[in-house]
$ cat structure-v4.csv   # CSV, C-alpha atoms and all ligand atoms
chain,number,residue,atom,x,y,z
A,1,MET,CA,69.1,88.1,102.5
A,2,GLN,CA,72.1,90.0,101.0
A,3,HIS,CA,72.6,92.6,98.4
A,4,LEU,CA,71.9,92.2,94.7
A,5,TRP,CA,74.8,93.8,92.8
A,6,LEU,CA,74.2,94.6,89.1
A,7,ILE,CA,77.4,95.0,87.0
A,8,GLY,CA,78.0,95.5,83.3
A,9,MET,CA,78.9,98.1,80.7
A,10,MET,CA,77.3,101.5,80.5
A,11,GLY,CA,74.0,101.1,78.7
A,12,SER,CA,73.5,97.6,79.9
A,13,GLY,CA,70.5,98.7,81.9
A,14,LYS,CA,71.8,98.4,85.4
A,15,SER,CA,70.1,101.5,86.8
A,16,GLU,CA,66.7,100.8,85.2
A,17,VAL,CA,66.8,97.1,86.0
A,18,GLY,CA,67.9,97.9,89.6
A,19,ARG,CA,65.0,100.3,90.1
A,20,ARG,CA,62.5,97.8,88.7
A,21,VAL,CA,63.9,94.9,90.9
A,22,ALA,CA,63.7,97.1,93.9
A,23,GLU,CA,60.1,98.1,93.2
A,24,LEU,CA,59.0,94.5,92.6
A,25,THR,CA,60.7,93.2,95.7
A,26,GLU,CA,60.1,96.2,97.9
A,27,THR,CA,63.8,96.5,98.5
A,28,ARG,CA,66.0,99.5,98.9
A,29,SER,CA,67.6,100.7,95.7
A,30,ILE,CA,71.1,102.3,95.5
A,31,ASP,CA,72.7,103.8,92.4
A,32,LEU,CA,76.4,104.2,93.0
A,33,ASP,CA,76.9,106.9,90.3
A,34,GLU,CA,74.1,108.9,91.9
A,35,ARG,CA,75.7,108.5,95.3
A,36,ILE,CA,79.0,109.8,94.0
A,37,VAL,CA,77.4,112.8,92.3
A,38,ALA,CA,75.4,113.6,95.5
A,39,ASP,CA,78.5,113.2,97.7
A,40,GLN,CA,80.7,115.3,95.4
A,41,ARG,CA,78.0,117.8,94.4
A,42,ARG,CA,79.4,117.6,90.9
A,43,SER,CA,78.5,115.7,87.8
A,44,ILE,CA,80.5,112.6,86.8
A,45,ALA,CA,81.8,114.6,83.8
A,46,GLU,CA,83.0,117.4,86.1
A,47,ILE,CA,84.7,114.9,88.4
A,48,PHE,CA,86.5,113.2,85.5
A,49,ALA,CA,87.5,116.6,84.0
A,50,SER,CA,88.9,118.2,87.2
A,51,ASP,CA,90.1,115.2,89.3
A,52,GLY,CA,90.7,112.5,86.7
A,53,GLU,CA,89.6,108.9,86.4
A,54,THR,CA,91.9,107.6,89.2
A,55,ALA,CA,90.2,110.0,91.7
A,56,PHE,CA,86.8,109.0,90.4
A,57,ARG,CA,87.7,105.3,91.1
A,58,ARG,CA,88.6,106.2,94.7
A,59,TYR,CA,85.2,107.9,95.2
A,60,GLU,CA,83.5,104.9,93.6
A,61,ARG,CA,85.3,102.6,96.0
A,62,VAL,CA,84.2,104.6,99.0
A,63,ALA,CA,80.6,104.6,97.7
A,64,LEU,CA,80.8,100.8,97.1
A,65,LYS,CA,82.1,100.1,100.6
A,66,THR,CA,79.5,102.3,102.2
A,67,ALA,CA,76.7,100.5,100.2
A,68,ALA,CA,78.1,97.1,101.1
A,69,ARG,CA,77.6,97.9,104.9
A,70,GLU,CA,74.0,99.0,104.5
A,71,LEU,CA,70.7,97.0,104.7
A,72,PRO,CA,70.1,94.5,101.9
A,73,SER,CA,69.6,96.6,98.7
A,74,VAL,CA,69.7,96.3,95.0
A,75,VAL,CA,72.8,98.2,93.9
A,76,ALA,CA,73.4,99.5,90.4
A,77,THR,CA,77.1,100.0,89.9
A,78,GLY,CA,79.0,102.1,87.4
A,79,GLY,CA,80.4,100.2,84.4
A,80,GLY,CA,84.0,100.5,85.6
A,81,VAL,CA,83.5,99.2,89.1
A,82,VAL,CA,85.2,95.9,88.2
A,83,THR,CA,88.4,97.7,87.2
A,84,SER,CA,89.5,98.6,90.7
A,85,ILE,CA,91.1,95.6,92.5
A,86,GLY,CA,89.2,94.5,95.5
A,87,ASN,CA,85.7,95.7,94.4
A,88,ALA,CA,84.7,92.3,93.0
A,89,ALA,CA,85.6,90.6,96.3
A,90,ILE,CA,83.6,93.2,98.3
A,91,MET,CA,80.5,92.6,96.1
A,92,ARG,CA,80.8,88.8,96.1
A,93,GLU,CA,81.1,88.7,99.9
A,94,THR,CA,78.1,90.9,100.5
A,95,GLY,CA,75.6,89.6,98.0
A,96,THR,CA,74.7,88.1,94.6
A,97,VAL,CA,76.5,89.6,91.6
A,98,ILE,CA,74.8,89.6,88.3
A,99,TYR,CA,76.4,90.7,85.0
A,100,LEU,CA,74.0,92.2,82.4
A,101,ILE,CA,75.4,91.3,79.0
A,102,ALA,CA,74.8,93.4,75.8
A,103,GLU,CA,76.6,93.9,72.5
A,104,PRO,CA,78.5,97.2,71.8
A,105,ALA,CA,76.0,98.3,69.1
A,106,THR,CA,73.1,97.8,71.6
A,107,LEU,CA,74.9,99.6,74.3
A,108,ALA,CA,75.6,102.5,72.0
A,109,ARG,CA,71.9,102.7,71.0
A,110,ARG,CA,70.8,102.6,74.6
A,111,ILE,CA,73.1,105.4,75.8
A,112,VAL,CA,71.4,108.7,75.2
A,113,GLU,CA,73.6,111.5,73.9
A,114,GLU,CA,74.6,113.3,77.0
A,115,PRO,CA,77.9,114.5,78.4
A,116,GLY,CA,77.5,112.2,81.5
A,117,ARG,CA,79.8,109.5,80.1
A,118,PRO,CA,83.2,111.0,79.8
A,119,LEU,CA,84.8,107.7,78.6
A,120,LEU,CA,82.7,107.9,75.4
A,121,ALA,CA,83.7,111.4,74.4
A,122,GLY,CA,85.5,112.1,71.2
A,123,GLY,CA,85.2,109.0,69.0
A,124,ASP,CA,83.0,106.4,67.4
A,125,ARG,CA,80.9,105.1,70.3
A,126,VAL,CA,80.6,101.5,69.0
A,127,ASP,CA,84.4,101.3,68.6
A,128,ILE,CA,85.1,102.7,72.0
A,129,LEU,CA,82.5,100.5,73.7
A,130,SER,CA,83.9,97.4,71.8
A,131,GLU,CA,87.4,98.2,73.1
A,132,ILE,CA,86.3,98.8,76.7
A,133,LEU,CA,84.2,95.6,76.6
A,134,ARG,CA,87.1,93.6,75.2
A,135,ARG,CA,89.2,94.6,78.2
A,136,ARG,CA,86.5,94.3,80.8
A,137,ALA,CA,84.6,91.2,79.8
A,138,PRO,CA,86.9,88.9,81.7
A,139,LEU,CA,86.6,91.1,84.8
A,140,TYR,CA,82.8,91.1,84.6
A,141,GLU,CA,82.7,87.3,84.1
A,142,GLY,CA,85.1,86.8,87.0
A,143,ALA,CA,83.1,89.0,89.4
A,144,ALA,CA,79.7,87.6,88.5
A,145,HIS,CA,77.8,84.8,90.2
A,146,HIS,CA,75.3,84.9,87.3
A,147,MET,CA,75.0,86.5,83.9
A,148,ILE,CA,71.8,87.7,82.1
A,149,GLU,CA,71.8,88.1,78.3
A,150,THR,CA,69.8,91.4,77.8
A,151,GLU,CA,69.6,91.4,74.0
A,152,GLY,CA,65.9,91.5,72.9
A,153,GLN,CA,64.7,91.4,76.5
A,154,THR,CA,62.5,94.0,78.2
A,155,ILE,CA,63.4,95.6,81.5
A,156,ASP,CA,60.6,93.6,83.2
A,157,GLU,CA,62.0,90.3,81.7
A,158,ILE,CA,65.5,91.1,82.9
A,159,ALA,CA,64.3,92.2,86.3
A,160,GLY,CA,62.3,88.9,86.6
A,161,LYS,CA,65.3,86.8,85.8
A,162,ALA,CA,67.5,88.8,88.3
A,163,ILE,CA,64.9,88.3,91.0
A,164,GLU,CA,64.8,84.6,90.4
A,165,LEU,CA,68.6,84.3,90.5
A,166,TRP,CA,68.8,86.5,93.6
A,167,ASN,CA,66.1,84.4,95.4
A,168,ARG,CA,68.0,81.2,94.6
A,169,SER,CA,71.3,82.3,96.2
A,201,LIG,C1,81.8,104.3,83.7
A,201,LIG,C2,80.5,104.1,83.7
A,201,LIG,C3,79.5,105.1,84.2
A,201,LIG,C4,80.2,106.0,85.3
A,201,LIG,C5,81.5,106.6,84.7
A,201,LIG,C6,82.5,105.5,84.3
A,201,LIG,C7,82.7,103.3,83.1
A,201,LIG,O1,78.4,104.5,84.8
A,201,LIG,O2,80.5,105.3,86.4
A,201,LIG,O3,81.2,107.4,83.6
A,201,LIG,O4,83.9,103.3,83.4
A,201,LIG,O5,82.2,102.4,82.4
A,201,LIG,P1,77.3,103.7,84.0
A,201,LIG,O6,77.7,102.3,83.7
A,201,LIG,O7,76.1,103.7,84.9
A,201,LIG,O8,77.0,104.5,82.8
$ encode --input "structure-v4.csv" --output "structure tokens"
Amino acid sequence: MQHLWLIGMMGSGKSEVGRRVAELTETRSIDLDERIVADQRRSIAEIFASDGETAFRRYERVALKTAARELPSVVATGGGVVTSIGNAAIMRETGTVIYLIAEPATLARRIVEEPGRPLLAGGDRVDILSEILRRRAPLYEGAAHHMIETEGQTIDEIAGKAIELWNRS
């Protein structure tokens, strides 16, 4: 058994689905954003503000590589994990990669107003999310072994599908 890697935009439900899959399968659960925050002892907003996005992507790579070497786990990644060259290959080699698909309007609705998402600051959230998704969709699709459409689905339904796909691979 290998890892289950969950990828997709912010607000696609990776963390929640990851926790649920881990509970249902009694597997370890890892949240890469939480790992970065714990390692850095700063919030993601603080890391972006003081070190910039490039540095954040380096910390994210380290967290990803560390997770890749651990016991089989369900790993919720940050939305931008596919933008760093090489990350997709690490995930594909060490497990099953599932892309959680959602529309920009749905993502915007699901993301609670908080300063934790620096990439959404200062603009119309649906517009920003649409632009980010336009750039990243091919990267998510290229990295994923499977895709799950999350529109209109509950966390339990999405988790159930993810488990089925993970079991099959
Ligand atoms: C980011 C998504 C965030 C976090 C950071 C950057 C992105 O994670 O890693 O703010 O580039 O899409 P979530 O997808 O868990 O919100």
$ residues_near_ligand --input "structure-v4.csv" --ligand "ligand LIG 201 (chain A)" --cutoff "6 Å" --atoms "all atoms listed in the file" --output "PDB file with C-alpha atoms, in the frame of the given file"
ATOM      1  CA  MET A   9      78.900  98.100  80.700  1.00  0.00           C
ATOM      2  CA  MET A  10      77.300 101.500  80.500  1.00  0.00           C
ATOM      3  CA  ASP A  33      76.900 106.900  90.300  1.00  0.00           C
ATOM      4  CA  GLY A  78      79.000 102.100  87.400  1.00  0.00           C
ATOM      5  CA  GLY A  79      80.400 100.200  84.400  1.00  0.00           C
ATOM      6  CA  GLY A  80      84.000 100.500  85.600  1.00  0.00           C
ATOM      7  CA  ARG A 117      79.800 109.500  80.100  1.00  0.00           C
ATOM      8  CA  PRO A 118      83.200 111.000  79.800  1.00  0.00           C
TER       9      PRO A 118
END
$ closest_atom_pairs --input "structure-v4.csv" --of "stretch 43-133 of chain A" --to "stretch 20-32 of chain A" --cutoff "7 Å" --atoms "all atoms listed in the file" --output "CSV"
residue,atom,partner,partner_atom,distance
A:Ala63,CA,A:Leu32,CA,6.3
A:Leu64,CA,A:Leu32,CA,6.9
A:Ser73,CA,A:Arg28,CA,4.6
A:Val74,CA,A:Ser29,CA,4.9
A:Val75,CA,A:Ile30,CA,4.7
A:Ala76,CA,A:Asp31,CA,4.8
A:Thr77,CA,A:Leu32,CA,5.3
A:Gly78,CA,A:Leu32,CA,6.5
$ closest_atom_pairs --input "structure-v4.csv" --of "stretch 105-161 of chain A" --to "stretch 84-99 of chain A" --cutoff "6 Å" --atoms "only C-alpha atoms" --output "Markdown table"
| residue | atom | partner | partner_atom | distance |
| --- | --- | --- | --- | --- |
| A:Ala143 | CA | A:Ala88 | CA | 5.1 |
| A:Ala144 | CA | A:Val97 | CA | 4.9 |
| A:His145 | CA | A:Val97 | CA | 5.2 |
| A:His146 | CA | A:Ile98 | CA | 4.8 |
| A:Met147 | CA | A:Tyr99 | CA | 4.6 |
$ closest_residue --input "structure-v4.csv" --among "A:Ala45, A:Leu165, A:Val17, A:Leu4" --to "A:Leu119" --atoms "only C-alpha atoms"
A:Ala45
$ closest_residue --input "structure-v4.csv" --among "A:Leu120, A:Ile128, A:Val112, A:Ala102" --to "A:Lys14" --atoms "all atoms listed in the file"
A:Ala102
$ atom_distance --input "structure-v4.csv" --atom1 "atom CA of A:Thr83" --atom2 "atom CA of A:Ile7"
11.3 Å
$ closest_residue --input "structure-v4.csv" --among "A:Leu133, A:Leu100, A:Ala49, A:Ala105" --to "A:Glu16" --atoms "only C-alpha atoms"
A:Leu100
$ atom_distance --input "structure-v4.csv" --atom1 "atom CA of A:Ile148" --atom2 "atom CA of A:Thr54"
29.2 Å
$ closest_residue --input "structure-v4.csv" --among "A:Gly142, A:Lys65, A:Glu53, A:Pro72" --to "A:Trp166" --atoms "all atoms listed in the file"
A:Pro72
$ atom_distance --input "structure-v4.csv" --atom1 "atom CA of A:Tyr140" --atom2 "atom CA of A:Arg109"
20.9 Å
$ decode --input "structure-v4.csv" --residues "stretch 141-165 of chain A" --atoms "N, CA, C and O atoms" --output "JSON list (two decimals), in the first residue's frame"
[["chain", "number", "residue", "atom", "x", "y", "z"],
["A", 141, "GLU", "N", -4.29, 17.93, -13.99],
["A", 141, "GLU", "CA", -4.70, 16.78, -14.82],
["A", 141, "GLU", "C", -3.50, 15.89, -15.16],
["A", 141, "GLU", "O", -3.61, 14.68, -15.20],
["A", 142, "GLY", "N", -2.36, 16.53, -15.38],
["A", 142, "GLY", "CA", -1.16, 15.77, -15.73],
["A", 142, "GLY", "C", -0.61, 14.99, -14.55],
["A", 142, "GLY", "O", -0.03, 13.92, -14.71],
["A", 143, "ALA", "N", -0.81, 15.53, -13.34],
["A", 143, "ALA", "CA", -0.26, 14.87, -12.14],
["A", 143, "ALA", "C", -1.16, 13.73, -11.66],
["A", 143, "ALA", "O", -0.69, 12.79, -11.04],
["A", 144, "ALA", "N", -2.46, 13.83, -11.95],
["A", 144, "ALA", "CA", -3.43, 12.92, -11.33],
["A", 144, "ALA", "C", -3.53, 11.56, -12.02],
["A", 144, "ALA", "O", -3.49, 11.48, -13.24],
["A", 145, "HIS", "N", -3.67, 10.52, -11.20],
["A", 145, "HIS", "CA", -4.05, 9.21, -11.74],
["A", 145, "HIS", "C", -5.56, 9.18, -11.93],
["A", 145, "HIS", "O", -6.06, 8.50, -12.82],
["A", 146, "HIS", "N", -6.28, 9.86, -11.04],
["A", 146, "HIS", "CA", -7.75, 9.86, -11.08],
["A", 146, "HIS", "C", -8.26, 11.25, -10.73],
["A", 146, "HIS", "O", -7.57, 12.02, -10.06],
["A", 147, "MET", "N", -9.49, 11.53, -11.16],
["A", 147, "MET", "CA", -10.12, 12.81, -10.82],
["A", 147, "MET", "C", -11.49, 12.53, -10.19],
["A", 147, "MET", "O", -12.17, 11.59, -10.61],
["A", 148, "ILE", "N", -11.85, 13.37, -9.22],
["A", 148, "ILE", "CA", -13.18, 13.24, -8.63],
["A", 148, "ILE", "C", -13.87, 14.60, -8.75],
["A", 148, "ILE", "O", -13.33, 15.62, -8.32],
["A", 149, "GLU", "N", -15.06, 14.58, -9.35],
["A", 149, "GLU", "CA", -15.88, 15.79, -9.45],
["A", 149, "GLU", "C", -16.55, 16.01, -8.09],
["A", 149, "GLU", "O", -17.26, 15.11, -7.62],
["A", 150, "THR", "N", -16.30, 17.14, -7.46],
["A", 150, "THR", "CA", -16.81, 17.33, -6.10],
["A", 150, "THR", "C", -18.10, 18.14, -6.04],
["A", 150, "THR", "O", -18.71, 18.25, -4.98],
["A", 151, "GLU", "N", -18.51, 18.72, -7.18],
["A", 151, "GLU", "CA", -19.73, 19.55, -7.18],
["A", 151, "GLU", "C", -20.92, 18.73, -6.69],
["A", 151, "GLU", "O", -21.17, 17.63, -7.20],
["A", 152, "GLY", "N", -21.63, 19.27, -5.70],
["A", 152, "GLY", "CA", -22.84, 18.60, -5.21],
["A", 152, "GLY", "C", -22.60, 17.33, -4.42],
["A", 152, "GLY", "O", -23.54, 16.58, -4.16],
["A", 153, "GLN", "N", -21.35, 17.03, -4.08],
["A", 153, "GLN", "CA", -21.05, 15.80, -3.35],
["A", 153, "GLN", "C", -20.71, 16.13, -1.89],
["A", 153, "GLN", "O", -20.06, 17.15, -1.63],
["A", 154, "THR", "N", -21.10, 15.27, -0.99],
["A", 154, "THR", "CA", -20.72, 15.48, 0.41],
["A", 154, "THR", "C", -19.29, 14.99, 0.62],
["A", 154, "THR", "O", -18.74, 14.24, -0.19],
["A", 155, "ILE", "N", -18.72, 15.40, 1.75],
["A", 155, "ILE", "CA", -17.36, 14.95, 2.10],
["A", 155, "ILE", "C", -17.32, 13.42, 2.16],
["A", 155, "ILE", "O", -16.39, 12.80, 1.66],
["A", 156, "ASP", "N", -18.36, 12.82, 2.73],
["A", 156, "ASP", "CA", -18.38, 11.36, 2.83],
["A", 156, "ASP", "C", -18.43, 10.68, 1.46],
["A", 156, "ASP", "O", -17.79, 9.65, 1.24],
["A", 157, "GLU", "N", -19.20, 11.27, 0.55],
["A", 157, "GLU", "CA", -19.28, 10.69, -0.80],
["A", 157, "GLU", "C", -17.93, 10.78, -1.51],
["A", 157, "GLU", "O", -17.47, 9.83, -2.16],
["A", 158, "ILE", "N", -17.30, 11.94, -1.38],
["A", 158, "ILE", "CA", -16.00, 12.13, -2.04],
["A", 158, "ILE", "C", -14.97, 11.18, -1.41],
["A", 158, "ILE", "O", -14.19, 10.53, -2.12],
["A", 159, "ALA", "N", -15.01, 11.09, -0.08],
["A", 159, "ALA", "CA", -14.06, 10.21, 0.62],
["A", 159, "ALA", "C", -14.27, 8.76, 0.17],
["A", 159, "ALA", "O", -13.30, 8.03, -0.08],
["A", 160, "GLY", "N", -15.52, 8.34, 0.03],
["A", 160, "GLY", "CA", -15.83, 6.98, -0.40],
["A", 160, "GLY", "C", -15.26, 6.69, -1.79],
["A", 160, "GLY", "O", -14.65, 5.63, -2.02],
["A", 161, "LYS", "N", -15.42, 7.65, -2.70],
["A", 161, "LYS", "CA", -14.88, 7.45, -4.06],
["A", 161, "LYS", "C", -13.37, 7.38, -4.02],
["A", 161, "LYS", "O", -12.74, 6.58, -4.72],
["A", 162, "ALA", "N", -12.76, 8.25, -3.21],
["A", 162, "ALA", "CA", -11.29, 8.28, -3.12],
["A", 162, "ALA", "C", -10.78, 6.93, -2.61],
["A", 162, "ALA", "O", -9.80, 6.38, -3.13],
["A", 163, "ILE", "N", -11.47, 6.37, -1.62],
["A", 163, "ILE", "CA", -11.04, 5.09, -1.04],
["A", 163, "ILE", "C", -11.13, 3.98, -2.10],
["A", 163, "ILE", "O", -10.22, 3.17, -2.25],
["A", 164, "GLU", "N", -12.23, 4.01, -2.85],
["A", 164, "GLU", "CA", -12.42, 3.00, -3.90],
["A", 164, "GLU", "C", -11.28, 3.07, -4.93],
["A", 164, "GLU", "O", -10.70, 2.06, -5.30],
["A", 165, "LEU", "N", -10.95, 4.28, -5.36],
["A", 165, "LEU", "CA", -9.89, 4.45, -6.37],
["A", 165, "LEU", "C", -8.53, 4.07, -5.80],
["A", 165, "LEU", "O", -7.69, 3.48, -6.48]]
